[in-house]
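First comes the structure, then the notes that go with it.
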Amino acid sequence: MEGKRRSKKRKEKTQLELIMERVDARCRGCYPATPLDCIGSCHVWRLRNELKQLRGVITQQGYQNTLLNTLKNERRIKILELLSKNAFSIPHLQKKLKNLGFSHSQETILSEYVEPLMATGLVSENSGYFKATTFGFEINQLLTGLNSTGSVLPSRSECYEEQVVEALFEAPKTYDELKLLVPNMSLKRVMARLWERNLVTKNGDNNYIYYFRTKRPMGIERVSCTEKRVYEGIPDEGITGEQLAEKTGISLRRAYKYIRKLKGKKLVFKRKRPKTFGLTEEGMKLAVFLGKLCAVVKEFAEVSVGLGTGTLEGAQQIPVASGESKEKPLPVLVNHGH
């Protein structure tokens, strides 16, 4: 069963790579009459060119944080969803957004919402019309069904919240362990923010104090029957006061009373275990999304980098056939099959 899961996982990770292998095979067997045939009608050329442009964006330092901050905006997510279905001009987008209850000027839509999507490789522009790239379409698929991250995590941040969520998804962590991931001066604020949004949980204030038996033989001291019951109820791995009261069938107040007596006789000692933080159900959902997002970014980065290095930098500029179009010249790759 586990082998099948691994096989399926490998297949999912290499899906884009397999597509690009088919694309390369098609390009090698294609001999267009002119380079303009590639630009005007070839979806394969457009995909390759799109991925090569994405390479320059996705390999920038801090890209993943930039992408996360871009997606932490409800209107950008809605625009990406619209552009994953159709290509729209800014005036058309303005009408669509107004129908959804968002009223913005065309300048605001372009500068605040569309341009950040373009800067992260999620959206492309052609002759004044905008549409989601292949990468943007995949990200939109991940966002479908997920609550808007804009209302959960802060935008324009260092993404410390996301780092903590990803770390806690692996295993519960103590505060000291989290300080290795996030600067100490920011961690308190980060944890408070995650707590307020019901993304993290921590063990109870009284549950992190554990009681243990000492190595001193009980026969040396004179103990009552109840003290003996409490003493024998303490396992080698330790126990909290609440758990001990429940195990011995006495009230919590009396349990602490006899624990104090046993401590006075040097038969019991207490030790504080650091509080640990974990994820709530909502936190788990966010962690799964972040993991999938990271996997998609990694896959597209590997494929785009794998397309080669002597590409866009050595491109020729082919003028657009129609003089009426305002579309910028598109690059044609040197020494390319198309």
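Going by the structure tokens order, chains are called A, B, ..., each with residues numbered from 1, while ligands are numbered from 1 in the order shown.
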Fill in: Close residues, Asn65 of chain A itself excluded, 10 Å, only C-alpha atoms, min 4 positions apart in chain, as number ranges by chain
A: 61, 69-71, 155-160, 162
Store the residues of this selection in a file with N, CA and C atoms, as a compact mmCIF listing (two decimals), in the first residue's frame.
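The resulting out18.txt:
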# COMPACT_ATOMS: atom_id res chain seq x y z
N GLN A 61 15.57 35.61 -5.07
CA GLN A 61 15.67 35.39 -3.63
C GLN A 61 14.42 35.94 -2.93
N ASN A 69 2.69 36.71 0.25
CA ASN A 69 2.12 38.02 0.55
C ASN A 69 1.19 38.51 -0.56
N THR A 70 1.50 38.13 -1.79
CA THR A 70 0.63 38.50 -2.91
C THR A 70 -0.73 37.82 -2.79
N LEU A 71 -0.72 36.58 -2.36
CA LEU A 71 -1.96 35.80 -2.29
C LEU A 71 -2.79 36.13 -1.05
N SER A 155 -0.55 40.52 5.55
CA SER A 155 0.18 40.73 4.30
C SER A 155 1.40 41.61 4.58
N ARG A 156 2.30 41.68 3.60
CA ARG A 156 3.52 42.47 3.71
C ARG A 156 4.31 42.09 4.96
N SER A 157 4.40 40.81 5.21
CA SER A 157 5.10 40.32 6.39
C SER A 157 6.34 39.53 5.98
N GLU A 158 7.10 39.11 6.99
CA GLU A 158 8.25 38.25 6.73
C GLU A 158 7.85 36.78 6.64
N CYS A 159 6.54 36.52 6.72
CA CYS A 159 5.99 35.16 6.62
C CYS A 159 6.47 34.25 7.76
N TYR A 160 6.71 34.84 8.93
CA TYR A 160 7.08 34.03 10.09
C TYR A 160 5.92 33.12 10.51
N GLU A 162 3.74 31.65 8.60
CA GLU A 162 3.75 30.46 7.75
C GLU A 162 4.86 29.49 8.14
**Request:** Using only C-alpha atoms, determine which residues lie at most 6 Å from segment 168-174 of chain A, disregarding the query and same-chain residues fewer than 6 positions distant; provide the list as a VMD selection string.
**Result:** chain A and resid 275 to 278
Residue subset to file, keeping N, CA and C atoms, as a CSV table (one decimal), in the first residue's frame:
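Result written to selection.csv:
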chain,number,residue,atom,x,y,z
A,275,LYS,N,6.0,24.0,27.8
A,275,LYS,CA,4.8,24.0,27.1
A,275,LYS,C,5.1,23.7,25.6
A,276,THR,N,4.2,23.0,25.0
A,276,THR,CA,4.4,22.7,23.5
A,276,THR,C,3.2,23.3,22.8
A,277,PHE,N,3.5,23.7,21.6
A,277,PHE,CA,2.4,24.2,20.7
A,277,PHE,C,2.2,23.3,19.5
A,278,GLY,N,0.9,23.2,19.2
A,278,GLY,CA,0.5,22.3,18.0
A,278,GLY,C,-0.4,23.1,17.2
Which one of A:Glu115, A:Asp236, A:Glu107, A:Glu161 sits closest to Met191 of chain A if you count only C-alpha atoms?
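Of the candidates, the smallest distance to Met191 of chain A is held by A:Glu161.
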Q: Would you return as an MDAnalysis selection string the members of segment 156-223 of chain A that DSSP assigns to alpha helix (DSSP H) on this structure's backbone?
A: chainID A and resid 160:170 175:178 184:196
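Of note, atom CA of Val305 of chain A and atom CA of Arg55 of chain A are spaced 6.0 Å apart.
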Shortest contact to Gln53 of chain A, candidates A:Ala301, A:Leu110, A:Leu142, A:Leu267, atoms counted only C-alpha atoms, goes to A:Ala301
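The smallest atom-to-atom distance between Leu93 of chain A and any of A:Glu112, A:Phe130, A:Met118, A:Gly283, using only C-alpha atoms, is found for A:Phe130.
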(Q) I'd like the contact shell of Tyr211 of chain A - 10 Å cut-off, only C-alpha atoms, skipping same-chain residues fewer than 3 positions apart - returned as a list in words. (A)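 So, after excluding close chain neighbours, the residues are Tyr208, Thr214, Tyr231, Ile234, Pro235, Asp236, Glu237, Gly238, Ile239, Thr240, Gly241, Leu244, Ile259, Lys263, Val268, Phe269, Lys270, Arg271 and Lys272 of chain A.
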| Do you know which residues are at most 12 Å from Gln94 of chain A counting only C-alpha atoms, after dropping those on the same chain fewer than 5 positions away, and could you put them as an MDAnalysis selection string? | chainID A and resid 75 78:79 82 88:89 99:110 113:114
Take the residues that were just selected and, keeping C-alpha atoms, output them as a PDB file, in the first residue's frame.
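And here's result24.pdb as it stands now:
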ATOM      1  CA  ARG A  75      -9.400  40.752  -4.385  1.00  0.00           C
ATOM      2  CA  LYS A  78     -10.782  36.711  -6.949  1.00  0.00           C
ATOM      3  CA  ILE A  79      -9.047  38.312  -9.944  1.00  0.00           C
ATOM      4  CA  LEU A  82     -11.553  35.223 -13.008  1.00  0.00           C
ATOM      5  CA  PHE A  88     -10.090  40.224 -19.539  1.00  0.00           C
ATOM      6  CA  SER A  89      -9.087  43.820 -20.085  1.00  0.00           C
ATOM      7  CA  ASN A  99     -20.794  42.676  -9.901  1.00  0.00           C
ATOM      8  CA  LEU A 100     -19.059  40.853  -7.042  1.00  0.00           C
ATOM      9  CA  GLY A 101     -19.343  43.870  -4.747  1.00  0.00           C
ATOM     10  CA  PHE A 102     -15.822  45.306  -5.209  1.00  0.00           C
ATOM     11  CA  SER A 103     -15.729  48.912  -6.458  1.00  0.00           C
ATOM     12  CA  HIS A 104     -12.297  50.140  -7.540  1.00  0.00           C
ATOM     13  CA  SER A 105     -10.886  52.500 -10.147  1.00  0.00           C
ATOM     14  CA  GLN A 106      -9.175  50.947 -13.161  1.00  0.00           C
ATOM     15  CA  GLU A 107      -5.854  52.394 -11.991  1.00  0.00           C
ATOM     16  CA  THR A 108      -6.244  50.715  -8.586  1.00  0.00           C
ATOM     17  CA  ILE A 109      -7.200  47.382 -10.142  1.00  0.00           C
ATOM     18  CA  LEU A 110      -4.104  47.467 -12.342  1.00  0.00           C
ATOM     19  CA  TYR A 113      -4.117  43.828  -7.781  1.00  0.00           C
ATOM     20  CA  VAL A 114      -3.151  42.826 -11.337  1.00  0.00           C
TER      21      VAL A 114
END
Need to verify the contact set: Glu50 of chain A, 9 Å, only C-alpha atoms, exclusion of same-chain residues closer than 5 positions in sequence. Can you return it as a ChimeraX atom specification? /A:45,55,121,124,133-134,304
request  = Report the distance between atom CA of Tyr210 of chain A and atom CA of Trp195 of chain A in Å, rounded to one decimal place.
outcome  =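 Those two atoms sit 24.9 Å apart.
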From atom CA of Phe135 of chain A to atom CA of Leu122 of chain A the spacing works out at 5.9 Å
Test item: residues at most 10 Å from Asn198 of chain A, only C-alpha atoms, excluding those fewer than 3 positions along its chain, as an mmCIF file with N, CA and C atoms, in the first residue's frame:
data_model
loop_
_atom_site.group_PDB
_atom_site.id
_atom_site.type_symbol
_atom_site.label_atom_id
_atom_site.label_comp_id
_atom_site.auth_asym_id
_atom_site.auth_seq_id
_atom_site.Cartn_x
_atom_site.Cartn_y
_atom_site.Cartn_z
ATOM 1 N N VAL A 152 -6.659 35.639 7.263
ATOM 2 C CA VAL A 152 -6.045 34.771 8.268
ATOM 3 C C VAL A 152 -4.669 35.264 8.675
ATOM 4 N N ALA A 192 0.947 35.088 19.169
ATOM 5 C CA ALA A 192 -0.314 35.720 19.568
ATOM 6 C C ALA A 192 -1.256 35.847 18.377
ATOM 7 N N ARG A 193 -0.691 36.173 17.228
ATOM 8 C CA ARG A 193 -1.499 36.320 16.018
ATOM 9 C C ARG A 193 -2.085 34.981 15.582
ATOM 10 N N LEU A 194 -1.283 33.930 15.643
ATOM 11 C CA LEU A 194 -1.772 32.601 15.276
ATOM 12 C C LEU A 194 -2.807 32.105 16.273
ATOM 13 N N TRP A 195 -2.616 32.449 17.535
ATOM 14 C CA TRP A 195 -3.561 32.037 18.577
ATOM 15 C C TRP A 195 -4.911 32.738 18.375
ATOM 16 N N THR A 201 -2.562 25.697 19.068
ATOM 17 C CA THR A 201 -3.049 25.340 20.385
ATOM 18 C C THR A 201 -1.847 25.016 21.262
ATOM 19 N N LEU A 279 -1.012 22.432 16.193
ATOM 20 C CA LEU A 279 -1.944 23.060 15.252
ATOM 21 C C LEU A 279 -3.378 22.647 15.548
ATOM 22 N N THR A 280 -4.289 23.591 15.377
ATOM 23 C CA THR A 280 -5.707 23.268 15.425
ATOM 24 C C THR A 280 -6.108 22.663 14.085
ATOM 25 N N GLU A 281 -7.379 22.320 13.958
ATOM 26 C CA GLU A 281 -7.861 21.768 12.683
ATOM 27 C C GLU A 281 -7.690 22.779 11.555
ATOM 28 N N GLU A 282 -7.979 24.045 11.833
ATOM 29 C CA GLU A 282 -7.793 25.085 10.809
ATOM 30 C C GLU A 282 -6.318 25.260 10.492
ATOM 31 N N GLY A 283 -5.485 25.161 11.519
ATOM 32 C CA GLY A 283 -4.057 25.257 11.288
ATOM 33 C C GLY A 283 -3.527 24.133 10.421
#
(Q) With DSSP run on the backbone, what are the strand (DSSP E) residues within segment 59-291 of chain A? I'd like them as a list in words. (A)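 Matching residues, listed in order: Val123, Ser124, Glu125, Asn126, Tyr129, Phe130, Lys131, Ala132, Lys173, Thr174, Val200, Thr201, Lys202, Ile209, Tyr210, Tyr211, Phe212, Arg213, Val268, Phe269, Lys270, Arg271, Lys272, Thr276, Phe277, Gly278 and Leu279 of chain A.
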Save the residues we just selected, N, CA and C atoms, as a short mmCIF file (atom, residue, chain, number, x, y, z; two decimals), in the first residue's frame?
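Contents of again00.cif, as written:
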data_model
loop_
_atom_site.label_atom_id
_atom_site.label_comp_id
_atom_site.auth_asym_id
_atom_site.auth_seq_id
_atom_site.Cartn_x
_atom_site.Cartn_y
_atom_site.Cartn_z
N VAL A 123 0.05 35.88 -13.67
CA VAL A 123 -0.79 36.47 -14.73
C VAL A 123 0.11 37.05 -15.80
N SER A 124 -0.32 36.97 -17.04
CA SER A 124 0.41 37.56 -18.16
C SER A 124 -0.51 38.51 -18.92
N GLU A 125 0.09 39.38 -19.75
CA GLU A 125 -0.68 40.38 -20.50
C GLU A 125 -0.38 40.25 -21.99
N ASN A 126 -1.40 40.42 -22.80
CA ASN A 126 -1.25 40.35 -24.26
C ASN A 126 -2.25 41.31 -24.89
N TYR A 129 -5.01 42.60 -22.72
CA TYR A 129 -5.85 41.58 -22.07
C TYR A 129 -4.97 40.75 -21.14
N PHE A 130 -5.53 40.44 -19.99
CA PHE A 130 -4.79 39.71 -18.95
C PHE A 130 -5.40 38.33 -18.75
N LYS A 131 -4.54 37.36 -18.50
CA LYS A 131 -5.02 36.00 -18.24
C LYS A 131 -4.05 35.30 -17.30
N ALA A 132 -4.53 34.25 -16.65
CA ALA A 132 -3.67 33.48 -15.75
C ALA A 132 -2.68 32.65 -16.57
N LYS A 173 6.04 21.76 18.93
CA LYS A 173 7.31 22.41 19.25
C LYS A 173 7.17 23.22 20.54
N THR A 174 8.28 23.31 21.27
CA THR A 174 8.31 24.18 22.44
C THR A 174 8.62 25.60 21.97
N VAL A 200 -3.26 27.78 16.20
CA VAL A 200 -2.37 27.00 17.06
C VAL A 200 -3.05 26.71 18.39
N THR A 201 -2.56 25.70 19.07
CA THR A 201 -3.05 25.34 20.39
C THR A 201 -1.85 25.02 21.26
N LYS A 202 -2.03 25.07 22.57
CA LYS A 202 -0.95 24.72 23.49
C LYS A 202 -1.51 23.92 24.64
N ILE A 209 3.32 20.57 34.45
CA ILE A 209 4.06 20.21 35.66
C ILE A 209 3.82 18.72 35.94
N TYR A 210 4.90 17.95 35.93
CA TYR A 210 4.82 16.50 36.10
C TYR A 210 5.46 16.11 37.43
N TYR A 211 4.92 15.04 38.03
CA TYR A 211 5.44 14.51 39.29
C TYR A 211 6.07 13.14 39.06
N PHE A 212 7.21 12.93 39.72
CA PHE A 212 7.96 11.70 39.57
C PHE A 212 8.31 11.14 40.96
N ARG A 213 8.54 9.84 41.01
CA ARG A 213 9.01 9.22 42.25
C ARG A 213 10.53 9.33 42.32
N VAL A 268 8.82 12.10 46.41
CA VAL A 268 8.28 12.61 45.14
C VAL A 268 8.95 13.95 44.84
N PHE A 269 9.20 14.22 43.56
CA PHE A 269 9.67 15.53 43.14
C PHE A 269 8.91 15.95 41.89
N LYS A 270 8.90 17.23 41.61
CA LYS A 270 8.19 17.73 40.42
C LYS A 270 9.19 18.30 39.43
N ARG A 271 8.77 18.26 38.18
CA ARG A 271 9.61 18.80 37.11
C ARG A 271 8.70 19.48 36.10
N LYS A 272 9.12 20.64 35.68
CA LYS A 272 8.34 21.36 34.67
C LYS A 272 8.76 20.90 33.28
N THR A 276 4.24 22.98 24.98
CA THR A 276 4.39 22.71 23.55
C THR A 276 3.21 23.29 22.79
N PHE A 277 3.47 23.69 21.57
CA PHE A 277 2.45 24.24 20.70
C PHE A 277 2.19 23.27 19.55
N GLY A 278 0.94 23.18 19.17
CA GLY A 278 0.54 22.35 18.04
C GLY A 278 -0.43 23.11 17.16
N LEU A 279 -1.01 22.43 16.19
CA LEU A 279 -1.94 23.06 15.25
C LEU A 279 -3.38 22.65 15.55
#
task: For Met218 of chain A, work out the shell of residues within 9 Å, counting only C-alpha atoms and skipping chain neighbours fewer than 2 positions away, then give it as JSON, numbers by chain.
output: {"A": [215, 216, 220, 221, 222, 223, 228, 231, 267]}
Selection from above, C-alpha atoms, as a PDB file, in the first residue's frame, can you write it?
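The result, stored in result20.pdb:
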ATOM      1  CA  LYS A 215      14.880   6.679  44.061  1.00  0.00           C
ATOM      2  CA  ARG A 216      14.497   6.740  47.814  1.00  0.00           C
ATOM      3  CA  ILE A 220      12.292   4.307  55.006  1.00  0.00           C
ATOM      4  CA  GLU A 221       9.450   6.723  55.665  1.00  0.00           C
ATOM      5  CA  ARG A 222       6.168   6.135  57.421  1.00  0.00           C
ATOM      6  CA  VAL A 223       3.279   6.758  55.022  1.00  0.00           C
ATOM      7  CA  LYS A 228       0.919   4.941  49.481  1.00  0.00           C
ATOM      8  CA  TYR A 231       2.861   7.189  45.500  1.00  0.00           C
ATOM      9  CA  LEU A 267       9.646  10.422  47.937  1.00  0.00           C
TER      10      LEU A 267
END
